[in-house]
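One structure is given here, and the rest of the page talks about it.
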Amino acid sequence: RSWSPSTALLTPGRNAAAQNARYSCAASVTESDKVASTVQVSKRITVPSQGEEMENVQQPLAPDEPVKRVTALIVSYNNVTGLIRLIRSIEKSEDRESIEVLVIDLGSTDGSGQVDQQFPDVTVLRLAKHFGATKALNIATRTAAADYIFYLDPSVDLPPHAVRELATVLDASADVVAAAPHLVNAEHVYKLPGIAELDRACLPGALAAVNVPESGDPVSVEYATRDALMVRKSFVQGMNFFDAHYGHSWGDLELPMQIRKAGRKTVVLPALH
């Protein structure tokens with residue numbers, strides 16, 4: 001898992017500003033220290049000019065294209081095998097036509113950035129180098145066309161009904177901001193840590209996981225990682241996206257903190273695995 005808390009210590013990132021509007025195949029992104037990268041996209045998008053906010057950068061729909069209910073957003077780095085497996089599972093999803101599949105690749109060298117050649121309905125945003133998952137997520141979230149963003153790690157394999165069931169949970173309750181399946185054989189649910197817990201976790205690189213039952217109704221949890229997490233895009237926009245200072249690690253801790261602060265909920269569906 002490329003950005004779960006079990007992977008690495010806290011690493012600061014840097015802010016970025018999008019530049020150069022109306023590129024049909026590329027959009028430049030400039031780091032605060034003036035290090036330039038390139039975001040290449042497999043389908044046309046419109047990017048704001050320098051100095052403008054990227055609040056609603058979305059790919060235009062073709063006249064006959066159905067409205068997207070969910071964007072499956074995958075951050076990938078040198079895991080082409082897992083990425084292809086995950087995309088194949090999404091292709092088998094119920095209501096597939098209502099799902100946008102968006103991959104943002106962090107400068108992979110194993111062919112991950114070319115999966116759209118095998119899956120023509122997949123949009124790929126290609127970063128020239130690895131700037132960290134948080135920056136990649138911000139770029140891709142702004143680009144996403146749907147109201148619900150399903151953040152996914154290439155290590156995950158989904159059943160056909162997963163996307164529909166998670167979206168239905170969000171539809172049913174405005175108090176629920178995020179919903180996740182129950183990932184088997186993987187720790188992905190935690191209590192929100194305090195300062196002391198974070199201090200300890202930065203050394204071994206892990207938090208103490210919370211057990212989730214194998215069946216039953218949705219369970220409210222404090223912290224579910226972004227390995228497989230469906231979130232309301234409006235909430236991420238409302239928190240001004242993810243703080244780029246997180247760089248690659250611990251960025252997914254900000255979302256549950258903001259959800260708790262807003263008095264809203266994250267739920268896990270125990271039977272969905």
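Order determines the names: the first chain of the structure tokens is A, the second B, and so forth; residues in each chain are numbered 1 upward, and ligands are numbered 1 upward as they are shown.
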
Sorted by chain and rising residue number, list the residues of segment 162-267 of chain A at most 12 Å from segment 92-103 of chain A (counting only C-alpha atoms), each with its closest atom pair and distance in Å to one decimal, as JSON lines.
```
{"residue": "A:Ala162", "atom": "CA", "partner": "A:Ser93", "partner_atom": "CA", "distance": 7.5}
{"residue": "A:Val163", "atom": "CA", "partner": "A:Ser93", "partner_atom": "CA", "distance": 7.1}
{"residue": "A:Arg164", "atom": "CA", "partner": "A:Glu94", "partner_atom": "CA", "distance": 6.7}
{"residue": "A:Glu165", "atom": "CA", "partner": "A:Glu94", "partner_atom": "CA", "distance": 9.7}
{"residue": "A:Leu166", "atom": "CA", "partner": "A:Glu94", "partner_atom": "CA", "distance": 12.0}
{"residue": "A:Ala167", "atom": "CA", "partner": "A:Ile99", "partner_atom": "CA", "distance": 10.8}
```

Would you write out those residues with C-alpha atoms, as a PDB file, in the first residue's frame?
```pdb
ATOM      1  CA  ALA A 162     -18.988  -3.073  -4.288  1.00  0.00           C
ATOM      2  CA  VAL A 163     -19.292   0.295  -6.042  1.00  0.00           C
ATOM      3  CA  ARG A 164     -23.092   0.191  -6.131  1.00  0.00           C
ATOM      4  CA  GLU A 165     -23.455  -0.780  -2.452  1.00  0.00           C
ATOM      5  CA  LEU A 166     -21.060   1.892  -1.193  1.00  0.00           C
ATOM      6  CA  ALA A 167     -22.749   4.591  -3.272  1.00  0.00           C
TER       7      ALA A 167
END
```

For this session: Using DSSP on the backbone, list every residue of segment 71-241 of chain A that comes out as alpha helix (DSSP H), and give them as a PyMOL selection string.
Result: chain A and resi 80-91+133-143+162-172+195-201+233-238

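For the residues A:Leu152, A:Ile74, A:Ala136, A:Leu183, ranking by smallest atom-to-atom distance to Ser112 of chain A using only C-alpha atoms places A:Ile74 first.
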
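We find atom CA of Thr266 of chain A and atom CA of Ser76 of chain A to be spaced 24.2 Å apart.
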
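Comparing A:Ile195, A:Val156, A:Leu125, A:Val184 by their smallest distance to His273 of chain A, the closest is A:Val184 (using only C-alpha atoms).
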
Exercise. So, counting only C-alpha atoms, which residue among A:Asn79, A:Thr143, A:Thr134, A:Thr168 is closest to Gly107 of chain A?
Worked result: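 For Gly107 of chain A, the nearest of the candidates is A:Asn79.
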
For this session: Skip Ala179 of chain A itself and residues of its chain fewer than 6 positions away, then list as a ChimeraX atom specification all residues within 8 Å of it, counting only C-alpha atoms.
Result: /A:166,169-170,229-231,266-269

Write the residues of the selection above to a file with C-alpha atoms, as a JSON list (two decimals), in the first residue's frame.
```json
[["chain", "number", "residue", "atom", "x", "y", "z"],
["A", 166, "LEU", "CA", -21.06, 1.89, -1.19],
["A", 169, "VAL", "CA", -24.93, 3.95, 1.62],
["A", 170, "LEU", "CA", -23.84, 7.52, 0.83],
["A", 229, "LEU", "CA", -12.74, 4.40, 0.51],
["A", 230, "MET", "CA", -15.67, 6.13, -1.19],
["A", 231, "VAL", "CA", -15.99, 9.80, -0.25],
["A", 266, "THR", "CA", -17.18, 7.11, 8.16],
["A", 267, "VAL", "CA", -18.67, 3.63, 7.93],
["A", 268, "VAL", "CA", -17.39, 0.19, 6.99],
["A", 269, "LEU", "CA", -19.69, -2.40, 5.43]]
```

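The nearest approach to Pro181 of chain A among the residues A:Asp110, A:Glu222, A:Asp147, A:Glu214, with only C-alpha atoms taken into account, belongs to A:Glu214.
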
For this session: Per DSSP on the backbone, filter segment 68-265 of chain A down to the residues in strand (DSSP E or B) and report them as number ranges by chain.
Result: A: 70-76, 99-106, 122-127, 148-152, 176-181, 189-190, 209, 219-221, 223-224, 228-232, 265

Exercise. What is the distance between atom CA of Arg260 of chain A and atom CA of Val176 of chain A, in Å to one decimal?
Worked result: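 For atom CA of Arg260 of chain A relative to atom CA of Val176 of chain A, the distance reads 10.9 Å.
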
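Minimum atom-to-atom distances from A:Arg88, A:His245, A:Arg232, A:Arg69 to Val177 of chain A were compared using only C-alpha atoms, and the lowest value belongs to A:Arg232.
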
For this session: Please indicate the distance in Å from atom CA of Val221 of chain A to atom CA of Tyr77 of chain A, rounded to one decimal place.
Result: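 Those two atoms sit 28.4 Å apart.
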
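Each of A:Ser215, A:Lys265, A:Ile149, A:Leu207 was checked against Val236 of chain A using only C-alpha atoms; the smallest atom-to-atom distance is that of A:Ile149.
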
I'd like the contact shell of Leu137 of chain A - 9 Å cut-off, only C-alpha atoms, skipping same-chain residues fewer than 3 positions apart - returned as an mmCIF file with N, CA, C and O atoms, in the first residue's frame.
```
data_model
loop_
_atom_site.group_PDB
_atom_site.id
_atom_site.type_symbol
_atom_site.label_atom_id
_atom_site.label_comp_id
_atom_site.auth_asym_id
_atom_site.auth_seq_id
_atom_site.Cartn_x
_atom_site.Cartn_y
_atom_site.Cartn_z
ATOM 1 N N LEU A 73 -10.884 6.237 -8.397
ATOM 2 C CA LEU A 73 -9.632 6.983 -8.530
ATOM 3 C C LEU A 73 -8.487 6.143 -7.965
ATOM 4 O O LEU A 73 -8.465 5.827 -6.774
ATOM 5 N N ILE A 74 -7.544 5.802 -8.811
ATOM 6 C CA ILE A 74 -6.450 4.906 -8.444
ATOM 7 C C ILE A 74 -5.128 5.639 -8.574
ATOM 8 O O ILE A 74 -4.792 6.151 -9.642
ATOM 9 N N VAL A 75 -4.368 5.703 -7.488
ATOM 10 C CA VAL A 75 -3.007 6.212 -7.530
ATOM 11 C C VAL A 75 -2.074 5.022 -7.692
ATOM 12 O O VAL A 75 -2.139 4.068 -6.918
ATOM 13 N N ILE A 104 -4.090 7.900 -11.823
ATOM 14 C CA ILE A 104 -3.008 8.880 -11.847
ATOM 15 C C ILE A 104 -1.722 8.153 -11.503
ATOM 16 O O ILE A 104 -1.606 7.519 -10.453
ATOM 17 N N GLY A 132 4.552 12.270 -4.736
ATOM 18 C CA GLY A 132 3.817 11.846 -3.552
ATOM 19 C C GLY A 132 2.337 11.658 -3.840
ATOM 20 O O GLY A 132 1.759 12.300 -4.717
ATOM 21 N N ALA A 133 1.725 10.774 -3.055
ATOM 22 C CA ALA A 133 0.323 10.436 -3.268
ATOM 23 C C ALA A 133 -0.610 11.615 -3.017
ATOM 24 O O ALA A 133 -1.635 11.757 -3.690
ATOM 25 N N THR A 134 -0.283 12.465 -2.042
ATOM 26 C CA THR A 134 -1.192 13.559 -1.695
ATOM 27 C C THR A 134 -1.360 14.527 -2.853
ATOM 28 O O THR A 134 -2.480 14.914 -3.203
ATOM 29 N N ALA A 140 -6.036 14.579 -9.238
ATOM 30 C CA ALA A 140 -7.042 13.670 -9.782
ATOM 31 C C ALA A 140 -8.434 13.952 -9.229
ATOM 32 O O ALA A 140 -9.429 13.842 -9.950
ATOM 33 N N THR A 141 -8.529 14.322 -7.950
ATOM 34 C CA THR A 141 -9.835 14.617 -7.366
ATOM 35 C C THR A 141 -10.464 15.821 -8.052
ATOM 36 O O THR A 141 -11.671 15.848 -8.307
ATOM 37 N N ARG A 142 -9.677 16.822 -8.355
ATOM 38 C CA ARG A 142 -10.197 17.986 -9.062
ATOM 39 C C ARG A 142 -10.674 17.603 -10.469
ATOM 40 O O ARG A 142 -11.601 18.212 -11.008
ATOM 41 N N TYR A 151 -11.604 6.179 -3.712
ATOM 42 C CA TYR A 151 -10.153 6.071 -3.679
ATOM 43 C C TYR A 151 -9.761 4.607 -3.546
ATOM 44 O O TYR A 151 -10.256 3.892 -2.674
ATOM 45 N N PHE A 241 -9.302 20.324 -0.291
ATOM 46 C CA PHE A 241 -8.528 19.170 -0.717
ATOM 47 C C PHE A 241 -7.523 18.763 0.359
ATOM 48 O O PHE A 241 -7.632 19.204 1.500
ATOM 49 N N PHE A 242 -6.569 17.922 0.009
ATOM 50 C CA PHE A 242 -5.650 17.376 1.004
ATOM 51 C C PHE A 242 -4.415 18.263 1.135
ATOM 52 O O PHE A 242 -3.906 18.783 0.141
#
```

Exercise. If you count only C-alpha atoms, which residues fall within 10 Å of segment 256-259 of chain A, apart from same-chain ones fewer than 2 positions away, as a list in words?
Worked result: Asp175, Val176, Val177, Ala178, Lys191, Leu192, Pro193, Val221, Glu222, Tyr223, Ala224, Thr225, Phe235, Val236, Gly238, Met239, Asp252, Leu253, Glu254, Lys261, Ala262, Gly263, Arg264, Lys265 and Thr266 of chain A

For this session: Find the residues around Ser108 of chain A up to 9 Å (only C-alpha atoms counted), leave out those fewer than 5 positions away in its own chain, and share them as a ChimeraX atom specification.
Result: /A:76-80,113,126-130

Please provide as a PDB file with all heavy atoms, in the first residue's frame all residues within 9 Å of Arg85 of chain A, with the sequence filter that same-chain residues fewer than 6 positions apart are discarded (counting only C-alpha atoms).
```
ATOM      1  N   PRO A 154      -3.962  -0.175  -5.837  1.00  0.00           N
ATOM      2  CA  PRO A 154      -3.879  -1.324  -6.744  1.00  0.00           C
ATOM      3  C   PRO A 154      -3.813  -2.684  -6.054  1.00  0.00           C
ATOM      4  O   PRO A 154      -3.966  -3.713  -6.720  1.00  0.00           O
ATOM      5  CB  PRO A 154      -2.585  -1.062  -7.531  1.00  0.00           C
ATOM      6  CG  PRO A 154      -2.424   0.412  -7.497  1.00  0.00           C
ATOM      7  CD  PRO A 154      -2.922   0.829  -6.136  1.00  0.00           C
ATOM      8  N   SER A 155      -3.602  -2.706  -4.740  1.00  0.00           N
ATOM      9  CA  SER A 155      -3.572  -3.975  -4.018  1.00  0.00           C
ATOM     10  C   SER A 155      -4.962  -4.550  -3.782  1.00  0.00           C
ATOM     11  O   SER A 155      -5.100  -5.690  -3.336  1.00  0.00           O
ATOM     12  CB  SER A 155      -2.872  -3.788  -2.667  1.00  0.00           C
ATOM     13  OG  SER A 155      -3.597  -2.892  -1.849  1.00  0.00           O
ATOM     14  N   VAL A 156      -6.010  -3.762  -4.090  1.00  0.00           N
ATOM     15  CA  VAL A 156      -7.386  -4.149  -3.770  1.00  0.00           C
ATOM     16  C   VAL A 156      -8.039  -4.848  -4.964  1.00  0.00           C
ATOM     17  O   VAL A 156      -7.789  -4.509  -6.123  1.00  0.00           O
ATOM     18  CB  VAL A 156      -8.203  -2.905  -3.372  1.00  0.00           C
ATOM     19  CG1 VAL A 156      -9.680  -3.235  -3.203  1.00  0.00           C
ATOM     20  CG2 VAL A 156      -7.639  -2.302  -2.092  1.00  0.00           C
ATOM     21  N   ASP A 157      -8.887  -5.818  -4.671  1.00  0.00           N
ATOM     22  CA  ASP A 157      -9.698  -6.509  -5.675  1.00  0.00           C
ATOM     23  C   ASP A 157     -11.156  -6.376  -5.244  1.00  0.00           C
ATOM     24  O   ASP A 157     -11.491  -6.701  -4.105  1.00  0.00           O
ATOM     25  CB  ASP A 157      -9.288  -7.979  -5.756  1.00  0.00           C
ATOM     26  CG  ASP A 157      -9.837  -8.670  -6.987  1.00  0.00           C
ATOM     27  OD1 ASP A 157     -10.406  -7.985  -7.853  1.00  0.00           O
ATOM     28  OD2 ASP A 157      -9.711  -9.898  -7.082  1.00  0.00           O
TER      29      ASP A 157
END
```
